[in-house]
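K.L.:
Okay, so here is work.txt, and as you'll see once you scroll down, it has compact mmCIF, C-alpha atoms.
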```txt
# COMPACT_ATOMS: atom_id res chain seq x y z
CA ILE R 136 -12.70 8.54 -15.57
CA GLU R 137 -14.53 7.70 -12.37
CA ALA R 138 -11.85 6.88 -9.80
CA THR R 139 -13.15 3.63 -8.29
CA GLU R 140 -11.58 0.21 -7.80
CA GLN R 141 -14.32 -1.20 -10.03
CA LYS R 142 -13.13 1.01 -12.91
CA LYS R 143 -9.57 -0.25 -12.38
CA SER R 144 -10.43 -3.63 -13.83
CA TYR R 145 -9.72 -5.78 -16.87
CA THR R 146 -13.19 -5.25 -18.31
CA GLU R 147 -13.64 -1.55 -17.50
CA ILE R 148 -10.50 -0.39 -19.33
CA ALA R 149 -11.66 -1.87 -22.66
CA PRO R 150 -14.10 1.01 -23.41
CA ILE R 151 -11.32 3.52 -22.66
CA ILE R 152 -8.98 1.84 -25.14
CA GLN R 153 -11.80 1.68 -27.69
CA TYR R 154 -12.44 5.42 -27.23
CA LEU R 155 -8.75 6.24 -27.77
CA ILE R 156 -8.53 4.16 -30.96
CA GLU R 157 -11.78 5.49 -32.40
CA ASN R 158 -10.76 9.10 -31.71
CA GLY R 159 -7.43 8.92 -33.50
CA PHE R 160 -4.93 8.32 -30.71
CA ARG R 161 -1.53 7.53 -32.22
CA LYS R 162 1.84 6.09 -31.18
CA ASN R 163 3.39 9.56 -31.04
CA ASN R 164 0.65 10.89 -28.73
CA ARG R 165 0.84 10.70 -24.96
CA LEU R 166 -1.56 10.20 -22.09
CA ILE R 167 -1.68 12.52 -19.08
CA ALA R 168 -2.90 11.25 -15.69
CA ILE R 169 -4.21 13.81 -13.22
CA GLY R 170 -5.50 12.11 -10.10
CA GLY R 171 -4.81 9.44 -7.52
CA GLY R 172 -3.70 5.83 -7.63
CA VAL R 173 -6.70 4.51 -9.56
CA ILE R 174 -6.27 7.03 -12.37
CA GLN R 175 -2.52 6.42 -12.30
CA ASP R 176 -2.91 2.64 -12.62
CA ILE R 177 -5.47 2.87 -15.42
CA THR R 178 -3.37 5.36 -17.39
CA ALA R 179 -0.09 3.53 -16.81
CA PHE R 180 -1.52 0.15 -17.81
CA ILE R 181 -3.17 1.46 -20.96
CA SER R 182 0.00 3.38 -21.88
CA SER R 183 2.06 0.22 -21.49
CA ILE R 184 -0.08 -1.86 -23.86
CA MET R 185 -1.27 0.71 -26.44
CA PHE R 186 0.79 0.24 -29.60
CA ARG R 187 3.35 -1.67 -27.46
CA GLY R 188 3.91 1.41 -25.34
CA VAL R 189 3.19 5.15 -25.48
CA ASP R 190 4.49 7.96 -23.28
CA TRP R 191 2.52 9.18 -20.27
CA ILE R 192 2.88 11.99 -17.72
CA LEU R 193 1.69 11.93 -14.11
CA TYR R 194 0.31 14.66 -11.85
CA PRO R 195 -0.48 12.82 -8.58
CA THR R 196 -3.20 14.68 -6.67
CA THR R 197 -3.52 12.45 -3.59
CA LEU R 198 -1.15 11.89 -0.70
CA LEU R 199 -1.04 8.18 -1.54
CA GLY R 200 0.07 9.05 -5.06
CA GLN R 201 2.61 11.66 -4.03
CA CYS R 202 4.29 9.75 -1.19
CA ASP R 203 4.33 6.31 -2.76
CA SER R 204 2.92 5.15 -6.08
CA CYS R 205 4.17 8.00 -8.30
CA ILE R 206 7.61 6.36 -8.45
CA GLY R 207 8.47 2.70 -8.88
CA SER R 208 6.97 2.05 -12.33
CA LYS R 209 4.43 -0.58 -11.25
CA THR R 210 1.11 -0.75 -13.10
CA SER R 211 -1.68 -2.88 -11.64
CA ILE R 212 -5.33 -3.49 -12.38
CA ASN R 213 -7.81 -5.74 -10.62
CA PHE R 214 -9.27 -8.98 -11.94
CA GLY R 215 -12.71 -9.72 -10.54
CA LYS R 216 -12.61 -9.22 -6.79
CA TYR R 217 -8.86 -9.85 -6.59
CA LYS R 218 -6.76 -6.71 -6.31
CA ASN R 219 -3.78 -5.87 -8.55
CA GLN R 220 -3.57 -9.27 -10.27
CA ILE R 221 -2.62 -7.95 -13.74
CA GLY R 222 0.12 -5.48 -14.55
CA ASN R 223 3.70 -4.75 -15.49
CA PHE R 224 6.38 -2.08 -15.05
CA TYR R 225 6.02 1.11 -17.05
CA SER R 226 7.28 4.44 -15.73
CA PRO R 227 5.88 7.87 -16.63
CA LYS R 228 8.18 10.16 -18.60
CA GLN R 229 7.63 12.98 -16.12
CA ILE R 230 6.13 13.36 -12.63
CA TYR R 231 4.97 16.66 -11.15
CA ILE R 232 4.37 16.73 -7.39
CA ASP R 233 2.53 19.76 -5.99
CA VAL R 234 1.24 19.60 -2.39
CA THR R 235 -1.28 22.33 -3.22
CA PHE R 236 -3.48 19.54 -4.60
CA LEU R 237 -3.59 18.00 -1.13
CA LYS R 238 -5.41 21.02 0.28
CA THR R 239 -8.50 19.88 -1.66
CA LEU R 240 -8.61 16.51 0.16
CA GLN R 241 -10.68 15.44 3.12
CA ASN R 242 -8.93 14.59 6.37
CA LYS R 243 -9.66 10.88 5.93
CA ASP R 244 -7.78 10.92 2.61
CA LEU R 245 -4.74 12.51 4.23
CA ILE R 246 -4.85 9.96 7.03
CA SER R 247 -4.98 7.13 4.48
CA GLY R 248 -1.89 8.57 2.78
CA LEU R 249 -0.07 8.81 6.09
CA GLY R 250 -0.98 5.17 6.77
CA GLU R 251 0.59 4.09 3.47
CA MET R 252 3.61 6.27 4.14
CA ALA R 253 4.22 4.57 7.50
CA HIS R 254 5.48 1.33 5.99
CA TYR R 255 8.44 3.09 4.36
CA TYR R 256 9.51 4.66 7.64
CA PHE R 257 9.08 1.41 9.58
CA VAL R 258 11.03 -0.57 6.97
CA SER R 259 13.84 2.01 6.80
CA SER R 260 15.20 2.40 10.36
CA SER R 261 14.42 3.24 13.98
CA GLU R 262 15.47 6.82 13.28
CA ASP R 263 13.04 7.15 10.39
CA MET R 264 10.25 5.47 12.34
CA ASN R 265 10.73 7.89 15.24
CA TYR R 266 10.85 10.84 12.82
CA TYR R 267 7.51 9.68 11.43
CA LYS R 268 6.12 9.21 14.96
CA GLU R 269 7.03 12.79 15.89
CA ASN R 270 5.61 14.39 12.75
CA TYR R 271 2.80 12.43 11.14
CA LEU R 272 -0.04 13.94 13.20
CA LYS R 273 1.45 17.45 12.91
CA ALA R 274 1.46 17.01 9.12
CA LEU R 275 -2.34 17.03 9.04
CA ASN R 276 -2.29 20.75 9.86
CA ASN R 277 1.12 21.76 8.52
CA PHE R 278 1.78 21.24 4.81
CA ASN R 279 5.46 22.14 5.16
CA ILE R 280 5.89 19.15 7.48
CA LEU R 281 3.77 17.03 5.14
CA GLU R 282 5.97 17.96 2.18
CA GLU R 283 9.07 16.88 4.12
CA LEU R 284 7.43 13.56 5.00
CA ILE R 285 6.58 13.00 1.33
CA LYS R 286 10.14 13.80 0.27
CA ARG R 287 11.68 11.41 2.80
CA SER R 288 9.19 8.67 1.91
CA LEU R 289 10.19 8.89 -1.75
CA GLU R 290 13.90 8.94 -0.85
CA ILE R 291 13.50 5.68 1.06
CA LYS R 292 11.60 4.05 -1.80
CA LYS R 293 13.99 5.39 -4.44
CA LYS R 294 16.96 3.73 -2.74
CA TYR R 295 15.37 0.30 -3.10
CA ILE R 296 14.06 0.90 -6.63
CA GLU R 297 17.59 1.67 -7.80
CA ILE R 298 18.89 -1.71 -6.61
CA ASP R 299 15.79 -3.79 -7.46
CA GLU R 300 13.70 -2.00 -10.08
CA PHE R 301 11.56 -5.00 -11.00
CA ASP R 302 10.68 -6.06 -7.46
CA GLU R 303 12.50 -9.38 -7.47
CA ASN R 304 14.52 -9.20 -4.24
CA GLU R 305 15.22 -6.34 -1.82
CA ARG R 306 12.31 -4.15 -2.86
CA GLN R 307 9.80 -6.83 -1.87
CA ILE R 308 10.00 -5.78 1.77
CA PHE R 309 7.79 -2.83 0.80
CA ASN R 310 4.94 -5.34 0.66
CA TYR R 311 5.04 -5.06 4.46
CA GLY R 312 1.41 -4.82 5.58
CA HIS R 313 0.09 -5.15 2.04
CA SER R 314 -0.83 -8.85 1.86
CA PHE R 315 -3.18 -8.41 4.81
CA GLY R 316 -4.12 -4.88 3.78
CA HIS R 317 -5.18 -5.81 0.24
CA ALA R 318 -7.29 -8.65 1.63
CA ILE R 319 -8.99 -6.26 4.09
CA GLU R 320 -9.69 -3.78 1.29
CA SER R 321 -11.35 -6.33 -0.98
CA LEU R 322 -13.33 -8.01 1.82
CA THR R 323 -14.76 -4.67 2.97
CA ASN R 324 -15.58 -3.67 -0.62
CA TYR R 325 -12.96 -0.93 -0.27
CA GLU R 326 -14.87 0.81 2.52
CA ILE R 327 -11.59 0.80 4.41
CA PRO R 328 -9.20 3.07 2.46
CA HIS R 329 -5.94 1.62 1.18
CA GLY R 330 -3.58 3.36 3.59
CA VAL R 331 -5.77 2.53 6.57
CA ALA R 332 -5.93 -1.12 5.48
CA VAL R 333 -2.13 -1.17 5.13
CA SER R 334 -1.69 0.23 8.65
CA ILE R 335 -3.90 -2.58 9.98
CA GLY R 336 -1.98 -5.03 7.80
CA MET R 337 1.29 -3.86 9.34
CA ASP R 338 -0.11 -4.48 12.80
CA ILE R 339 -1.21 -7.97 11.75
CA SER R 340 2.29 -8.62 10.36
CA ASN R 341 3.76 -7.45 13.66
CA PHE R 342 1.32 -9.63 15.62
CA ILE R 343 2.24 -12.68 13.51
CA SER R 344 5.93 -11.79 13.91
CA VAL R 345 5.47 -11.96 17.70
CA LYS R 346 3.79 -15.36 17.37
CA TYR R 347 6.74 -16.72 15.40
CA GLY R 348 9.20 -15.27 17.92
CA TYR R 349 10.71 -12.68 15.57
CA LEU R 350 9.49 -9.54 17.36
CA SER R 351 9.21 -8.62 21.04
CA ILE R 352 5.81 -7.76 22.47
CA ASP R 353 7.11 -4.38 23.65
CA ASP R 354 8.30 -3.46 20.13
CA ARG R 355 5.01 -4.61 18.67
CA TYR R 356 3.00 -2.40 21.04
CA PHE R 357 5.28 0.57 20.47
CA MET R 358 4.64 0.34 16.73
CA ARG R 359 0.94 -0.29 17.30
CA GLY R 360 0.73 2.95 19.29
CA ILE R 361 1.75 4.81 16.14
CA LEU R 362 -0.35 2.83 13.68
CA GLU R 363 -3.65 2.81 15.54
CA GLU R 364 -3.90 6.59 15.18
CA VAL R 365 -4.44 5.87 11.47
CA TRP R 366 -7.27 3.34 11.80
CA GLN R 367 -9.33 5.15 14.45
CA GLY R 368 -13.03 4.85 13.61
CA TYR R 369 -12.69 1.78 11.40
CA SER R 370 -13.64 -1.81 12.21
CA ILE R 371 -12.76 -5.20 10.74
CA GLN R 372 -15.07 -7.23 12.96
CA ASN R 373 -17.38 -8.20 10.08
CA ILE R 374 -14.60 -9.89 8.11
CA ASN R 375 -15.00 -13.66 7.92
CA ILE R 376 -11.75 -15.49 8.72
CA GLU R 377 -12.29 -18.12 6.02
CA ASP R 378 -12.76 -15.35 3.46
CA MET R 379 -9.60 -13.69 4.78
CA GLU R 380 -7.63 -16.91 4.38
CA LYS R 381 -8.96 -17.38 0.84
CA ALA R 382 -7.97 -13.82 -0.09
CA LEU R 383 -4.49 -14.33 1.38
CA SER R 384 -4.10 -17.57 -0.58
CA LYS R 385 -4.62 -15.61 -3.84
CA ASP R 386 -1.85 -13.10 -3.10
CA LYS R 387 0.58 -12.82 -6.01
CA LYS R 388 3.58 -13.01 -3.66
CA ASN R 389 2.77 -16.60 -2.67
CA LYS R 390 4.75 -19.63 -3.78
CA GLY R 391 2.63 -22.73 -4.30
CA SER R 392 0.59 -23.26 -1.13
CA LEU R 393 2.94 -21.11 0.94
CA LEU R 394 2.04 -17.55 1.90
CA GLY R 395 4.69 -14.98 0.93
CA LEU R 396 4.72 -12.68 3.95
CA ILE R 397 6.77 -9.69 5.02
CA LEU R 398 7.43 -10.03 8.74
CA THR R 399 9.73 -8.02 10.98
CA ARG R 400 12.22 -8.14 13.82
CA GLY R 401 11.71 -4.41 14.42
CA ALA R 402 12.18 -1.08 12.68
CA GLY R 403 14.59 -1.46 9.76
CA LYS R 404 14.47 -5.27 10.05
CA ALA R 405 11.65 -6.41 7.78
CA PHE R 406 12.18 -9.60 5.79
CA LYS R 407 10.31 -11.95 3.46
CA VAL R 408 9.42 -15.45 4.54
CA PHE R 409 7.16 -18.24 3.26
CA LYS R 410 4.75 -19.81 5.75
CA GLU R 411 2.07 -22.48 5.68
CA LEU R 412 -1.50 -21.38 6.21
CA ASP R 413 -1.81 -24.08 8.87
CA SER R 414 -4.00 -24.42 11.96
CA ASP R 415 -1.67 -22.27 14.07
CA PHE R 416 -1.74 -19.46 11.53
CA SER R 417 -5.53 -19.69 11.27
CA SER R 418 -5.90 -19.51 15.03
CA TRP R 419 -3.65 -16.43 15.16
CA LEU R 420 -5.75 -14.69 12.53
CA SER R 421 -8.90 -15.51 14.51
CA GLU R 422 -7.29 -14.18 17.69
CA TYR R 423 -6.32 -10.94 15.98
CA PHE R 424 -9.71 -10.28 14.36
CA ASP R 425 -11.74 -11.38 17.41
CA ILE R 426 -9.66 -9.80 20.17
CA GLU R 427 -6.44 -7.99 19.27
CA PHE R 428 -7.69 -5.34 16.86
CA GLU R 429 -10.24 -3.89 19.26
CA GLN R 430 -7.87 -3.67 22.21
CA SER R 431 -7.08 -0.11 23.24
CA ARG R 432 -3.59 1.11 23.98
CA SER R 433 -2.62 -0.14 27.40
CA ARG R 434 1.16 -0.33 27.34
CA ASP R 435 3.33 2.13 29.25
CA ASN R 436 5.78 2.49 26.34
CA VAL R 437 3.17 3.62 23.80
```
If you took the structure in this file and wrote it as C-alpha cells, what would it be?

P.N.:
Amino acid sequence: IEATEQKKSYTEIAPIIQYLIENGFRKNNRLIAIGGGVIQDITAFISSIMFRGVDWILYPTTLLGQCDSCIGSKTSINFGKYKNQIGNFYSPKQIYIDVTFLKTLQNKDLISGLGEMAHYYFVSSSEDMNYYKENYLKALNNFNILEELIKRSLEIKKKYIEIDEFDENERQIFNYGHSFGHAIESLTNYEIPHGVAVSIGMDISNFISVKYGYLSIDDRYFMRGILEEVWQGYSIQNINIEDMEKALSKDKKNKGSLLGLILTRGAGKAFKVFKELDSDFSSWLSEYFDIEFEQSRSRDNV
C-alpha cells in the first residue's frame, strides 16, 4: 500500500477491502501492518470493520509509530481534505518495536518523530521536559538514547491510556499542539510532516496561552527554544488565516461553535478549554503567522 495521506481515506480503502474479500480473507485470518502511521491507520480501520473485527499485528517502522501511535488503540482515516474524521478504537493483538528499522529513515523523518514525541514530555512534567531537552538532539546520532526516549514516551502515554482508554477525559490533553498541527498539515498538503506540524502547533498553543494569561512569556520562550529545533527549514507563511480558521472550526474536539483547545500553564500543566473563534483569537492567529513564527531565538533563557 502506498503510504500517503491520500490513501488513508474513506474512498481509497474500498479497493483494499474488495481485494481481501475477493481473495478469500476470512474471520479467522489476521492482517499484519509493517510500516508507519498511514499503514497502521489503514490496517487498524479495516481490521475493525471487516466481519465486525479481525485480529491484526503491528510492526511500526517509523519513529512516529514507535514513540506514539503504536499504543492507544485509535484508528483514524481522512474524509476529503479533513484529517482523521472517521475512526474508532481497535488495538492490535501484538506490537513489535525494533529501533533497527529507524536506521533506514532519513534525518527529516527522525526529526518529525522527535517533534511528535515532544508533546508527551511537555505534558508530563518539568523533569521530563528537561530530560527531553537534554537528549533529543543527541538521539539523532545515538540510537541507544533514542530507544530510551521512545520507551519513556510510551510510558507517559500508557499511564493516561490506562485511566482513560477511550479519550473522554484526562487523555485528551495529548491533543496538545494537534488542533493547530493537523490544520497546518492539511493546508500545506502534508508538505510539513506531522511531527513538525505538531511542534509548531504546540508553539501556537503556548502563544495563545500567553495571550489568555495562562502562561508566562519566559516559559513560552523557554519551550520555544526546544521546539524550534524541530521546525528549522520549514515555513508556514503561505497559509491563509481564513483557511486556518475554517480548518480549526472542523476539528473533532470542538463543541458547537467553540474550539476545543489544549492550552498550558507550563510543563505538566496542560488543560482543555473551549474558546470562541472571535476577533481577538483571529488577530492572535494573524500575529503568530505574520510575525511570531519567523522570529529567531532572542531570549537569554533559551

K.L.:
What lies within 12 Å of segment 200-205 of chain R using all atoms listed in the file, ignoring chain neighbours under 4 positions off, as a PyMOL selection string?

P.N.:
chain R and resi 168-176+179+192-196+209-211+225-237+244-245+247-256+281-293+296+309+329-330

K.L.:
Pick out the closest residue to Ile184 of chain R from this set: R:Glu147, R:Ile246, R:Asn163, R:Phe224. Count all atoms listed in the file.

P.N.:
R:Phe224

K.L.:
Which residues of segment 155-235 of chain R come within 12 Å of segment 384-389 of chain R, and what is each one's closest atom pair and distance in Å (one decimal), counting only C-alpha atoms, sorted by chain and residue number, as CSV?

P.N.:
```
residue,atom,partner,partner_atom,distance
R:Ser211,CA,R:Lys387,CA,11.6
R:Asn213,CA,R:Lys387,CA,11.9
R:Phe214,CA,R:Lys385,CA,11.5
R:Lys216,CA,R:Lys385,CA,10.6
R:Tyr217,CA,R:Lys385,CA,7.7
R:Lys218,CA,R:Asp386,CA,8.7
R:Asn219,CA,R:Lys387,CA,8.6
R:Gln220,CA,R:Lys387,CA,6.9
R:Ile221,CA,R:Lys387,CA,9.7
R:Gly222,CA,R:Lys387,CA,11.3
```

K.L.:
Provide the atom CA of Lys273 of chain R to atom CA of Gly368 of chain R distance in Å, to one decimal place.

P.N.:
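Separating atom CA of Lys273 of chain R from atom CA of Gly368 of chain R is a distance of 19.2 Å.
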
K.L.:
Please identify all polymer residues lying at most 12 Å from the point (-3.3, 6.3, 16.9) (file coordinates), using all atoms listed in the file, and present the result as a PyMOL selection string.

P.N.:
chain R and resi 246+249-250+268+271-272+331+334-335+338+356-369+431-432+437

K.L.:
If we count all atoms listed in the file and set the cut-off at 7 Å, which residues sit around Leu322 of chain R, ignoring sequence neighbours fewer than 3 positions away in its own chain? Please answer as a list in words.

P.N.:
Ala318, Ile319 and Ile374 of chain R

K.L.:
Find the distance between atom CA of Ala138 of chain R and atom CA of Ala332 of chain R and write it in Å to one decimal.

P.N.:
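Computed distance, atom CA of Ala138 of chain R to atom CA of Ala332 of chain R, equals 18.2 Å.
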
K.L.:
Given the choices R:Tyr325, R:Tyr347, R:Phe278, R:Phe406, which gets closest to Ile308 of chain R if the distance is worked out from all atoms listed in the file?

P.N.:
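Among the listed residues, the smallest separation from Ile308 of chain R belongs to R:Phe406.
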
K.L.:
Report the distance between atom CA of Val258 of chain R and atom CA of Ala405 of chain R in Å, rounded to one decimal place.

P.N.:
5.9 Å

K.L.:
Would you mind telling me which residue in R:Glu411, R:Glu137, R:Glu320, R:Asp353 lies nearest to Ala382 of chain R when using all atoms listed in the file?

P.N.:
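Among R:Glu411, R:Glu137, R:Glu320, R:Asp353, it is R:Glu320 that comes nearest to Ala382 of chain R.
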
K.L.:
Counting all atoms listed in the file, which residue out of R:Arg161, R:Ser340, R:Ile352, R:Glu297 sits closest to Gly316 of chain R?

P.N.:
R:Ser340

K.L.:
So which one's closest to Pro150 of chain R, R:Glu303, R:Ile206, R:Tyr349, R:Ile136? Using all atoms listed in the file, please.

P.N.:
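Closest residue, counting all atoms listed in the file: R:Ile136.
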
K.L.:
Can you work out which one of R:Asn373, R:Gln141, R:Ser344, R:Asn158 has the shortest atom-to-atom distance to Phe416 of chain R, counting only C-alpha atoms?

P.N.:
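Smallest separation from Phe416 of chain R among the options: R:Ser344.
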
K.L.:
If we count all atoms listed in the file and set the cut-off at 9 Å, which residues sit around segment 417-420 of chain R, ignoring sequence neighbours fewer than 6 positions away in its own chain? Please answer as a list in words.

P.N.:
Ile339, Phe342, Ile343, Lys346, Ile376, Glu377, Met379 and Glu380 of chain R
